[in-house]
Amino acid sequence: MERSMDQTNSQPPSAAILQLILNVWATQAAATFARLGLADLLADGPAPAQLVAERARTSGDATYRLLRGLVGVGIVEALPDRRFALTTLGHCLRKDVPGSMRSLLIAEMAPGHWLPWGNLEYSVRRGQPSTLEALGKSTWEYYAEHPEEADHFAQGMSNISAMVVDAVLAAYPFKGAQVVVDVGGSHGSLLAAVLHNAAGARGILFDQPNVVAGAGPVLERAGVADRVACEGGNFFDAVPAGGDVYLLKAILHDWSDDECVTILSACRQAMVSDGRVVVVEMMIDDKGPPSPAPLMDLNMLVMLTGRERTKEEYGQLFARAGLALKQVVPTRSPFFVIEARRE
């Protein structure tokens, strides 16, 4: 039975659809605000729009209109005399502050994501990513040619890790870990947190060479640089050997089932006899509470060959790689911790 409007939303349906459109505009406006570094220009306190524009080398009138537009989004607060102040939300778009979401927002609204999402219809009709159609190449090839976007994307993955790290470690503290291999670990923010939790453990951060090259500052700030070896490579070829924990956060959802089996098989071959694979992913659970997983699944459809999966589907992947699903641990976030060991 169709639920009444009062049960779903107090707005008329037409107003709710209009709000969806406004949300798209608002998100791109916030990303422009982030790209221009306006949050950092307002970090020391309120300032007139004209002064912000002069410092950012942007149009004074257009900067005022951008800031005015972002008042309703909650990014800035309007003050007398065309002055604006950052809100708590706006502070999240500053560079290098705890909880920053600047890079993730920039990456998601940049051409590498924006253009493929604009071609979602192609993916729905064909059942395959729209990146080749929209960008002329795969996502990873595009990022190789656009290093600035790639860097924002890598930092954005660290942003997500920072969002969920406490929830993950509270649910799964990595007891007994000795050598943690973070496969596709970007700049190592999750690995650093795991090492703080597992005081006697060492880490290996493994990702593409150009990605791990940017990990130094993250590991230094976390105080674990002396406990982490950074290695560049391709996890479809091999992963570093000798680990007892192989950590895969938001990796498997990027890839098709066959590609996932290749990655998991590489981990199984590399790990010590009593090792484990620890997967951190969103999971499709139709019986669970509302989750962003179905929308993330659409992102995978548009951008890559992967998908979000159910518990049963993860079990099937592990079995194909010679592993057995041992436990699925929910966290206080949309992510689950999924552990597998040798069969």
# chains A, B, ... in the order shown; residues from 1 in each chain; ligands from 1
call {"tool": "residues_around", "arguments": {"residues": "region 70-83 of chain A", "least_positions_apart": "2", "cutoff": "8 Å", "atoms": "only C-alpha atoms", "output": "list of chain:residue names"}}
result
A:Ala26, A:Ala29, A:Ala30, A:Pro46, A:Ala47, A:Pro48, A:Ala49, A:Tyr64, A:Leu66, A:Leu67, A:Arg68, A:Ala85, A:Leu86, A:Thr87, A:Thr88, A:Leu89, A:Gly90
call {"tool": "residues_around", "arguments": {"residues": "Leu191 (chain A)", "least_positions_apart": "6", "cutoff": "12 Å", "atoms": "only C-alpha atoms", "output": "MDAnalysis selection string"}}
result
chainID A and resid 158 161:162 165 168:169 174 177 179:185 197:198 201:206 215 218:219 222:225 227:230 245:249
call {"tool": "closest_residue", "arguments": {"among": "A:Ala321, A:Ala241, A:Ala134, A:Ala250", "to": "Gly275 (chain A)", "atoms": "only C-alpha atoms"}}
result
A:Ala241
call {"tool": "residues_around", "arguments": {"residues": "region 289-305 of chain A", "least_positions_apart": "2", "cutoff": "12 Å", "atoms": "only C-alpha atoms", "output": "count of residues only"}}
result
60
call {"tool": "select_by_dssp", "arguments": {"residues": "region 46-282 of chain A", "states": "strand (DSSP E or B)", "output": "PyMOL selection string"}}
result
chain A and resi 47-48+76-79+83-86+179-183+202-207+228-232+245-249+276-282
call {"tool": "select_by_dssp", "arguments": {"residues": "region 62-214 of chain A", "states": "helix (DSSP H, G or I)", "output": "MDAnalysis selection string"}}
result
chainID A and resid 62:71 88:91 102:109 111:117 120:126 131:135 139:145 147:171 189:197 209:212
call {"tool": "write_last_selection", "arguments": {"atoms": "C-alpha atoms", "output": "PDB file, in the first residue's frame"}}
result
ATOM      1  CA  ALA A  62      29.868  36.397  -8.027  1.00  0.00           C
ATOM      2  CA  THR A  63      31.598  35.533  -4.746  1.00  0.00           C
ATOM      3  CA  TYR A  64      28.918  37.398  -2.834  1.00  0.00           C
ATOM      4  CA  ARG A  65      26.224  35.494  -4.729  1.00  0.00           C
ATOM      5  CA  LEU A  66      27.937  32.178  -4.045  1.00  0.00           C
ATOM      6  CA  LEU A  67      28.220  32.898  -0.330  1.00  0.00           C
ATOM      7  CA  ARG A  68      24.621  34.125  -0.199  1.00  0.00           C
ATOM      8  CA  GLY A  69      23.491  30.928  -1.903  1.00  0.00           C
ATOM      9  CA  LEU A  70      25.321  28.804   0.644  1.00  0.00           C
ATOM     10  CA  VAL A  71      23.609  30.457   3.617  1.00  0.00           C
ATOM     11  CA  THR A  88      30.278  24.308  11.961  1.00  0.00           C
ATOM     12  CA  LEU A  89      29.449  22.696   8.618  1.00  0.00           C
ATOM     13  CA  GLY A  90      31.615  25.217   6.790  1.00  0.00           C
ATOM     14  CA  HIS A  91      34.597  24.416   8.996  1.00  0.00           C
ATOM     15  CA  ARG A 102      36.899  19.102   1.599  1.00  0.00           C
ATOM     16  CA  SER A 103      38.736  16.663  -0.645  1.00  0.00           C
ATOM     17  CA  LEU A 104      35.897  14.150  -0.768  1.00  0.00           C
ATOM     18  CA  LEU A 105      33.407  16.825  -1.777  1.00  0.00           C
ATOM     19  CA  ILE A 106      35.766  18.206  -4.427  1.00  0.00           C
ATOM     20  CA  ALA A 107      36.450  14.724  -5.831  1.00  0.00           C
ATOM     21  CA  GLU A 108      32.780  13.781  -6.038  1.00  0.00           C
ATOM     22  CA  MET A 109      31.799  17.024  -7.782  1.00  0.00           C
ATOM     23  CA  PRO A 111      34.517  16.001 -13.784  1.00  0.00           C
ATOM     24  CA  GLY A 112      35.836  12.509 -13.016  1.00  0.00           C
ATOM     25  CA  HIS A 113      32.655  11.766 -11.050  1.00  0.00           C
ATOM     26  CA  TRP A 114      30.260  14.509 -12.139  1.00  0.00           C
ATOM     27  CA  LEU A 115      30.317  13.616 -15.849  1.00  0.00           C
ATOM     28  CA  PRO A 116      29.769   9.856 -15.437  1.00  0.00           C
ATOM     29  CA  TRP A 117      26.909  10.475 -12.995  1.00  0.00           C
ATOM     30  CA  LEU A 120      23.585   7.363 -15.366  1.00  0.00           C
ATOM     31  CA  GLU A 121      20.998   6.483 -18.004  1.00  0.00           C
ATOM     32  CA  TYR A 122      23.738   4.890 -20.117  1.00  0.00           C
ATOM     33  CA  SER A 123      24.737   2.651 -17.197  1.00  0.00           C
ATOM     34  CA  VAL A 124      21.142   1.647 -16.483  1.00  0.00           C
ATOM     35  CA  ARG A 125      20.498   0.815 -20.135  1.00  0.00           C
ATOM     36  CA  ARG A 126      23.768  -1.057 -20.674  1.00  0.00           C
ATOM     37  CA  THR A 131      33.065   6.305 -17.547  1.00  0.00           C
ATOM     38  CA  LEU A 132      34.234   5.197 -20.996  1.00  0.00           C
ATOM     39  CA  GLU A 133      31.275   6.973 -22.565  1.00  0.00           C
ATOM     40  CA  ALA A 134      31.614  10.136 -20.447  1.00  0.00           C
ATOM     41  CA  LEU A 135      35.394  10.382 -19.987  1.00  0.00           C
ATOM     42  CA  THR A 139      38.196   5.870 -13.859  1.00  0.00           C
ATOM     43  CA  TRP A 140      41.739   4.822 -12.970  1.00  0.00           C
ATOM     44  CA  GLU A 141      43.128   5.841 -16.385  1.00  0.00           C
ATOM     45  CA  TYR A 142      41.409   9.208 -15.989  1.00  0.00           C
ATOM     46  CA  TYR A 143      42.939   9.727 -12.547  1.00  0.00           C
ATOM     47  CA  ALA A 144      46.375   8.793 -13.862  1.00  0.00           C
ATOM     48  CA  GLU A 145      46.047  11.692 -16.321  1.00  0.00           C
ATOM     49  CA  PRO A 147      46.764  13.868 -10.677  1.00  0.00           C
ATOM     50  CA  GLU A 148      45.125  16.761  -8.840  1.00  0.00           C
ATOM     51  CA  GLU A 149      41.730  15.083  -8.991  1.00  0.00           C
ATOM     52  CA  ALA A 150      43.358  11.774  -8.094  1.00  0.00           C
ATOM     53  CA  ASP A 151      44.941  13.342  -5.024  1.00  0.00           C
ATOM     54  CA  HIS A 152      41.588  14.758  -3.887  1.00  0.00           C
ATOM     55  CA  PHE A 153      40.025  11.330  -4.393  1.00  0.00           C
ATOM     56  CA  ALA A 154      42.766   9.613  -2.360  1.00  0.00           C
ATOM     57  CA  GLN A 155      42.413  12.190   0.392  1.00  0.00           C
ATOM     58  CA  GLY A 156      38.641  11.779   0.180  1.00  0.00           C
ATOM     59  CA  MET A 157      39.020   8.070   0.899  1.00  0.00           C
ATOM     60  CA  SER A 158      41.030   9.056   3.950  1.00  0.00           C
ATOM     61  CA  ASN A 159      38.167  11.389   4.916  1.00  0.00           C
ATOM     62  CA  ILE A 160      35.766   8.440   4.842  1.00  0.00           C
ATOM     63  CA  SER A 161      38.188   6.330   6.865  1.00  0.00           C
ATOM     64  CA  ALA A 162      38.390   9.075   9.461  1.00  0.00           C
ATOM     65  CA  MET A 163      34.585   9.164   9.647  1.00  0.00           C
ATOM     66  CA  VAL A 164      34.238   5.463  10.438  1.00  0.00           C
ATOM     67  CA  VAL A 165      37.490   4.567  12.179  1.00  0.00           C
ATOM     68  CA  ASP A 166      36.209   4.907  15.735  1.00  0.00           C
ATOM     69  CA  ALA A 167      33.100   2.886  14.938  1.00  0.00           C
ATOM     70  CA  VAL A 168      35.145   0.160  13.241  1.00  0.00           C
ATOM     71  CA  LEU A 169      37.696  -0.122  16.050  1.00  0.00           C
ATOM     72  CA  ALA A 170      34.989  -0.127  18.715  1.00  0.00           C
ATOM     73  CA  ALA A 171      33.330  -3.081  17.004  1.00  0.00           C
ATOM     74  CA  SER A 189      44.664   6.907   7.965  1.00  0.00           C
ATOM     75  CA  LEU A 190      42.793   3.701   8.857  1.00  0.00           C
ATOM     76  CA  LEU A 191      46.015   1.713   9.166  1.00  0.00           C
ATOM     77  CA  ALA A 192      47.401   4.347  11.533  1.00  0.00           C
ATOM     78  CA  ALA A 193      44.339   4.040  13.751  1.00  0.00           C
ATOM     79  CA  VAL A 194      44.551   0.250  13.738  1.00  0.00           C
ATOM     80  CA  LEU A 195      48.209   0.429  14.804  1.00  0.00           C
ATOM     81  CA  HIS A 196      47.319   2.749  17.678  1.00  0.00           C
ATOM     82  CA  ASN A 197      44.794   0.142  18.794  1.00  0.00           C
ATOM     83  CA  PRO A 209      53.032   3.984  -6.132  1.00  0.00           C
ATOM     84  CA  ASN A 210      51.729   7.501  -6.798  1.00  0.00           C
ATOM     85  CA  VAL A 211      49.181   7.107  -3.972  1.00  0.00           C
ATOM     86  CA  VAL A 212      51.463   5.785  -1.218  1.00  0.00           C
TER      87      VAL A 212
END
call {"tool": "atom_distance", "arguments": {"atom1": "CA of Arg341 (chain A)", "atom2": "CA of Val328 (chain A)"}}
result
12.5 Å
